[in-house]
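J.: my_file-v2.csv (CSV, C-alpha atoms) pasted underneath:
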chain,number,residue,atom,x,y,z
Y,1,MET,CA,88.6,87.4,109.7
Y,2,PRO,CA,90.2,84.2,108.2
Y,3,MET,CA,89.1,83.0,104.8
Y,4,GLN,CA,88.5,79.4,103.8
Y,5,PRO,CA,90.7,78.0,101.0
Y,6,GLN,CA,87.5,77.1,99.1
Y,7,GLU,CA,86.4,80.7,99.2
Y,8,ILE,CA,89.8,81.8,97.7
Y,9,GLU,CA,89.6,79.2,95.0
Y,10,THR,CA,86.0,80.1,94.1
Y,11,LEU,CA,86.9,83.8,93.8
Y,12,ILE,CA,89.9,83.0,91.5
Y,13,ARG,CA,87.9,80.4,89.5
Y,14,SER,CA,85.1,83.0,88.8
Y,15,LYS,CA,87.6,85.1,86.8
Y,16,PHE,CA,89.8,82.2,85.5
Y,17,PRO,CA,87.5,79.3,84.7
Y,18,ASP,CA,90.3,77.4,83.0
Y,19,ALA,CA,92.7,77.8,85.9
Y,20,LEU,CA,94.6,75.1,87.7
Y,21,ILE,CA,94.5,76.3,91.2
Y,22,ASP,CA,96.5,74.9,94.1
Y,23,ILE,CA,96.0,76.4,97.5
Y,24,LYS,CA,98.0,75.5,100.6
Y,25,ASP,CA,97.2,76.6,104.1
Y,26,LEU,CA,100.8,77.3,105.3
Y,27,ALA,CA,100.2,77.7,109.0
Y,28,GLY,CA,97.0,75.9,109.5
Y,29,ASP,CA,95.4,79.1,110.8
Y,30,GLY,CA,93.3,80.1,107.8
Y,31,ASP,CA,95.3,83.2,107.5
Y,32,HIS,CA,98.5,82.3,105.7
Y,33,TYR,CA,98.1,80.7,102.3
Y,34,ALA,CA,100.1,79.9,99.3
Y,35,ALA,CA,98.4,79.8,95.9
Y,36,HIS,CA,99.8,78.6,92.6
Y,37,VAL,CA,97.6,79.5,89.6
Y,38,VAL,CA,98.1,78.3,86.1
Y,39,SER,CA,95.9,79.9,83.4
Y,40,ALA,CA,96.1,80.7,79.7
Y,41,ALA,CA,94.8,84.2,80.6
Y,42,PHE,CA,98.3,85.1,81.8
Y,43,LYS,CA,99.8,84.6,78.4
Y,44,GLY,CA,101.7,87.7,77.3
Y,45,LYS,CA,101.3,89.4,80.7
Y,46,SER,CA,104.2,90.4,83.1
Y,47,ARG,CA,104.4,88.8,86.5
Y,48,VAL,CA,103.2,92.0,88.1
Y,49,GLN,CA,100.2,92.0,85.8
Y,50,GLN,CA,99.4,88.3,86.4
Y,51,HIS,CA,99.4,88.9,90.2
Y,52,GLN,CA,97.3,92.1,89.8
Y,53,MET,CA,94.7,90.0,87.9
Y,54,ILE,CA,94.5,87.6,90.8
Y,55,TYR,CA,94.2,90.4,93.3
Y,56,ASP,CA,91.5,91.9,91.2
Y,57,ALA,CA,89.7,88.5,91.3
Y,58,LEU,CA,90.0,88.6,95.1
Y,59,GLY,CA,88.1,91.9,95.0
Y,60,GLY,CA,90.1,93.9,97.5
Y,61,ARG,CA,90.4,91.1,100.1
Y,62,MET,CA,94.1,90.8,99.7
Y,63,GLY,CA,95.8,92.7,102.4
Y,64,GLY,CA,92.5,92.9,104.3
Y,65,ALA,CA,90.6,89.7,105.1
Y,66,LEU,CA,93.3,87.8,103.4
Y,67,HIS,CA,96.4,88.7,105.3
Y,68,ALA,CA,99.0,86.6,103.5
Y,69,LEU,CA,98.8,84.8,100.2
Y,70,ALA,CA,102.1,83.8,98.7
Y,71,LEU,CA,101.4,83.8,95.0
Y,72,THR,CA,103.0,82.1,92.0
Y,73,THR,CA,101.5,82.2,88.6
Y,74,ALA,CA,102.2,80.5,85.3
Y,75,VAL,CA,101.0,80.0,81.8
Y,76,PRO,CA,100.1,76.4,80.9
Y,77,PRO,CA,102.7,74.6,78.6
Y,78,GLU,CA,101.7,74.7,75.0
E,1,MET,CA,95.1,119.0,94.6
E,2,SER,CA,93.7,116.0,96.4
E,3,ASN,CA,95.6,114.4,99.2
E,4,GLN,CA,96.0,111.2,97.2
E,5,GLN,CA,97.5,113.2,94.4
E,6,ALA,CA,99.9,114.9,96.7
E,7,VAL,CA,101.0,111.5,98.1
E,8,HIS,CA,101.3,110.0,94.7
E,9,ASP,CA,103.5,113.0,93.6
E,10,HIS,CA,105.7,112.4,96.7
E,11,ILE,CA,106.0,108.7,95.9
E,12,ARG,CA,106.8,109.4,92.3
E,13,LYS,CA,109.6,111.7,93.4
E,14,LEU,CA,111.0,109.1,95.8
E,15,VAL,CA,111.1,106.4,93.1
E,16,SER,CA,112.7,108.7,90.5
E,17,ASP,CA,115.2,110.3,92.9
E,18,ASN,CA,116.5,106.9,94.1
E,19,ASP,CA,117.6,104.0,91.9
E,20,VAL,CA,116.2,101.3,94.2
E,21,VAL,CA,113.4,102.0,96.7
E,22,LEU,CA,111.8,99.5,99.0
E,23,PHE,CA,108.5,100.4,100.6
E,24,MET,CA,108.6,98.2,103.7
E,25,LYS,CA,107.3,97.7,107.2
E,26,GLY,CA,110.2,98.8,109.4
E,27,ASN,CA,113.6,99.9,108.2
E,28,LYS,CA,116.6,98.4,106.5
E,29,SER,CA,118.0,95.6,108.7
E,30,MET,CA,115.1,96.2,111.1
E,31,ALA,CA,112.1,94.9,109.2
E,32,GLN,CA,109.0,94.6,111.3
E,33,CYS,CA,107.3,92.0,109.0
E,34,GLY,CA,108.6,88.7,107.6
E,35,PHE,CA,107.8,89.6,104.0
E,36,SER,CA,109.7,93.0,104.2
E,37,HIS,CA,112.5,91.1,106.0
E,38,GLN,CA,112.9,88.7,103.1
E,39,VAL,CA,113.2,91.4,100.5
E,40,ASP,CA,115.6,93.4,102.7
E,41,THR,CA,117.7,90.3,103.0
E,42,ILE,CA,117.8,89.7,99.3
E,43,LEU,CA,118.8,93.3,98.5
E,44,GLN,CA,121.5,93.2,101.1
E,45,HIS,CA,122.7,89.8,99.8
E,46,LEU,CA,123.0,91.3,96.3
E,47,GLY,CA,124.9,94.2,97.9
E,48,VAL,CA,122.7,96.8,96.4
E,49,ASP,CA,122.3,100.2,98.2
E,50,TYR,CA,118.6,101.1,98.5
E,51,LYS,CA,116.4,103.7,99.9
E,52,ASP,CA,114.1,102.2,102.6
E,53,VAL,CA,110.7,103.8,103.1
E,54,ASN,CA,109.0,102.7,106.3
E,55,VAL,CA,105.3,102.7,105.6
E,56,LEU,CA,104.5,102.1,109.3
E,57,ALA,CA,105.9,105.6,110.0
E,58,ASP,CA,103.5,107.3,107.5
E,59,VAL,CA,100.0,106.2,107.0
E,60,ALA,CA,99.5,108.4,103.9
E,61,ILE,CA,102.4,106.6,102.2
E,62,ARG,CA,101.1,103.2,103.4
E,63,ASP,CA,97.8,103.7,101.7
E,64,GLY,CA,99.1,105.8,98.9
E,65,ILE,CA,101.7,103.3,97.7
E,66,LYS,CA,98.9,100.7,97.3
E,67,THR,CA,96.9,102.9,94.9
E,68,PHE,CA,100.1,104.2,93.2
E,69,SER,CA,101.2,100.7,92.3
E,70,ASN,CA,97.8,99.1,92.1
E,71,TRP,CA,99.2,96.6,94.5
E,72,PRO,CA,97.5,95.6,97.8
E,73,THR,CA,100.4,94.6,100.0
E,74,ILE,CA,103.8,95.7,101.4
E,75,PRO,CA,106.7,95.3,100.7
E,76,GLN,CA,107.0,96.9,97.2
E,77,LEU,CA,110.2,97.2,95.2
E,78,TYR,CA,111.0,99.9,92.7
E,79,VAL,CA,114.0,99.9,90.4
E,80,LYS,CA,114.7,103.0,88.4
E,81,GLY,CA,111.1,104.2,88.9
E,82,GLU,CA,109.6,100.9,87.7
E,83,PHE,CA,107.5,98.7,90.0
E,84,GLN,CA,109.0,95.2,90.2
E,85,GLY,CA,106.6,93.5,92.6
E,86,GLY,CA,106.2,92.3,96.1
E,87,CYS,CA,107.9,89.6,98.2
E,88,ASP,CA,106.8,86.7,96.0
E,89,ILE,CA,107.9,88.2,92.7
E,90,VAL,CA,111.2,89.5,94.2
E,91,LYS,CA,112.0,86.1,95.5
E,92,GLU,CA,111.3,84.5,92.2
E,93,MET,CA,113.4,87.1,90.4
E,94,PHE,CA,116.2,86.6,92.9
E,95,GLN,CA,116.2,82.8,92.6
E,96,SER,CA,116.2,82.9,88.8
E,97,GLY,CA,119.0,85.5,88.7
E,98,GLU,CA,116.6,88.0,87.0
E,99,LEU,CA,117.0,90.5,89.7
E,100,ALA,CA,120.8,90.7,89.5
E,101,ALA,CA,120.5,90.8,85.7
E,102,LEU,CA,118.0,93.7,85.9
E,103,LEU,CA,120.2,95.7,88.2
E,104,THR,CA,123.1,95.2,85.8
E,105,GLU,CA,121.0,96.1,82.9
E,106,LYS,CA,119.8,99.3,84.6
E,107,GLY,CA,123.3,100.2,85.7
E,108,VAL,CA,122.6,99.9,89.4
E,109,PRO,CA,125.8,99.1,91.3
E,110,HIS,CA,125.7,95.8,93.3
E,111,THR,CA,128.4,93.5,94.6
E,112,LYS,CA,126.9,90.1,93.9
E,113,LYS,CA,126.2,89.1,90.4
E,114,THR,CA,124.2,86.0,90.9
E,115,ALA,CA,122.0,84.2,93.3
E,116,VAL,CA,123.5,81.4,95.5
E,117,ALA,CA,122.5,78.1,93.9
Can you turn what I pasted into structure tokens?

T.:
Amino acid sequence: MPMQPQEIETLIRSKFPDALIDIKDLAGDGDHYAAHVVSAAFKGKSRVQQHQMIYDALGGRMGGALHALALTTAVPPE
Amino acid sequence: MSNQQAVHDHIRKLVSDNDVVLFMKGNKSMAQCGFSHQVDTILQHLGVDYKDVNVLADVAIRDGIKTFSNWPTIPQLYVKGEFQGGCDIVKEMFQSGELAALLTEKGVPHTKKTAVA
């Protein structure tokens, strides 16, 4: 079941209100996305922890309803 | 002992017995998924010998590795027992040269020292 990009953004935004979120539909099939998320919440976290925080926000959809989400995360510049 | 615990123990042994372990779909040089293929290619490019674990051949490991690492997707890379990440993170680490640096720091033999610019 494909997900809409707005749905992904809403889920991420609910846990990261400050985030800059850029979502691209890579294949145009609603199934392969790339997301770049910039949030101060990532400060001091490892890359693995940052991605785990996003997966947590997606509430178990990653790997299920959401087949492919290429993820990059960053902390906003000071 | 629960099944999940038994699988986690098995995974813990795999990642401690082998310097570099890639949990992937398919096998080394014969990945059956584009994301696993990308990580396989990176590891081979760096000339690092690694243990491939085909999760498609074992549903218990396929599910178990996700809870073990608290990570929802395959592939998953372990170096010296430490979870490094999935395809996106490994790519970032490769491109920045961090992955080669990590292998050097951990004393894992590999032939290529840096990423191709």

J.: Go through Y:Val37, Y:Leu58, Y:Ala68, Y:Val48 one by one, measure the shortest atom-to-atom distance of each to Gly86 (chain E) using all atoms listed in the file, and give the residue with the smallest value.

T.: Y:Val48

J.: Please return, as a PDB file with C-alpha atoms, keeping the file's coordinate frame, all residues of chain Y lying within 7 Å of chain E when only C-alpha atoms are considered.

T.:
ATOM      1  CA  VAL Y  48     103.200  92.000  88.100  1.00  0.00           C
ATOM      2  CA  GLN Y  52      97.300  92.100  89.800  1.00  0.00           C
ATOM      3  CA  MET Y  62      94.100  90.800  99.700  1.00  0.00           C
ATOM      4  CA  GLY Y  63      95.800  92.700 102.400  1.00  0.00           C
ATOM      5  CA  ALA Y  70     102.100  83.800  98.700  1.00  0.00           C
ATOM      6  CA  LEU Y  71     101.400  83.800  95.000  1.00  0.00           C
TER       7      LEU Y  71
END

J.: Go through E:Met30, E:Ile11, E:Val55, E:Leu46 and flag the residue nearest His110 (chain E), using only C-alpha atoms for the distances.

T.: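 The answer is E:Leu46, which sits nearest to His110 (chain E).
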
J.: Excluding same-chain residues fewer than 4 positions from Phe16 (chain Y), what lies within 8 Å of it counting only C-alpha atoms, as number ranges by chain?

T.: Y: 12, 39, 41

J.: Would you list the contacts of region 17-20 of chain Y as a list in words, taking every protein, DNA or RNA residue within 12 Å and counting all atoms listed in the file, but skipping same-chain residues closer than 2 positions in sequence?

T.: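 The contact residues come out as Glu9, Thr10, Leu11, Ile12, Arg13, Ser14, Lys15, Asp22, Ile23, Ala35, His36, Val37, Val38, Ser39, Ala40, Ala41, Phe42, Ile54, Ala57, Thr72, Thr73, Ala74, Val75 and Pro76 of chain Y.
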
J.: Would you compute the distance between CA of Ala27 (chain Y) and CA of Leu69 (chain Y)? Give it in Å to one decimal.

T.: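 Straight-line distance from CA of Ala27 (chain Y) to CA of Leu69 (chain Y) works out to 11.4 Å.
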
J.: Could you please determine the separation between CA of His51 (chain Y) and CA of Gly64 (chain Y) in Å, to one decimal place?

T.: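 Atom-to-atom, CA of His51 (chain Y) to CA of Gly64 (chain Y), that is 16.2 Å.
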
J.: For Ala60 (chain E), list every protein, DNA or RNA residue within 8 Å, evaluated using only C-alpha atoms, and leave out those in the same chain fewer than 3 positions away; present the list as a list in words.

T.: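 Close residues of Ala60 (chain E): Val7, Asp63 and Gly64 of chain E.
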
J.: For the atom pair CA of Gln44 (chain E) and CA of Met24 (chain E), what is the interatomic distance in Å to one decimal place?

T.: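 A separation of 14.1 Å between them.
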
J.: Identify, on the basis of all atoms listed in the file, every residue whose closest approach to Lys80 (chain E) does not exceed 7 Å; exclude the query and any residue fewer than 5 positions from it along the same chain; express the result as a ChimeraX atom specification.

T.: /E:15-16,19-20

J.: Would you be able to write out as a short mmCIF file (atom, residue, chain, number, x, y, z; two decimals) with C-alpha atoms, keeping the file's coordinate frame which residues have an atom within 12 Å of (114.8, 104.3, 89.7) in the file's coordinates, counting all atoms listed in the file?

T.:
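Ended up saving to point-v5.cif:
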data_model
loop_
_atom_site.label_atom_id
_atom_site.label_comp_id
_atom_site.auth_asym_id
_atom_site.auth_seq_id
_atom_site.Cartn_x
_atom_site.Cartn_y
_atom_site.Cartn_z
CA ILE E 11 106.00 108.70 95.90
CA ARG E 12 106.80 109.40 92.30
CA LYS E 13 109.60 111.70 93.40
CA LEU E 14 111.00 109.10 95.80
CA VAL E 15 111.10 106.40 93.10
CA SER E 16 112.70 108.70 90.50
CA ASP E 17 115.20 110.30 92.90
CA ASN E 18 116.50 106.90 94.10
CA ASP E 19 117.60 104.00 91.90
CA VAL E 20 116.20 101.30 94.20
CA VAL E 21 113.40 102.00 96.70
CA LEU E 22 111.80 99.50 99.00
CA TYR E 50 118.60 101.10 98.50
CA LYS E 51 116.40 103.70 99.90
CA LEU E 77 110.20 97.20 95.20
CA TYR E 78 111.00 99.90 92.70
CA VAL E 79 114.00 99.90 90.40
CA LYS E 80 114.70 103.00 88.40
CA GLY E 81 111.10 104.20 88.90
CA GLU E 82 109.60 100.90 87.70
CA PHE E 83 107.50 98.70 90.00
CA GLN E 84 109.00 95.20 90.20
CA LEU E 102 118.00 93.70 85.90
CA LEU E 103 120.20 95.70 88.20
CA LYS E 106 119.80 99.30 84.60
CA GLY E 107 123.30 100.20 85.70
CA VAL E 108 122.60 99.90 89.40
#

J.: Restricting the calculation to all atoms listed in the file, which member of E:Ser2, E:Thr104, E:His8, E:Leu43 is positioned closest to Phe68 (chain E)?

T.: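 Using all atoms listed in the file, Phe68 (chain E) sits closest to E:His8.
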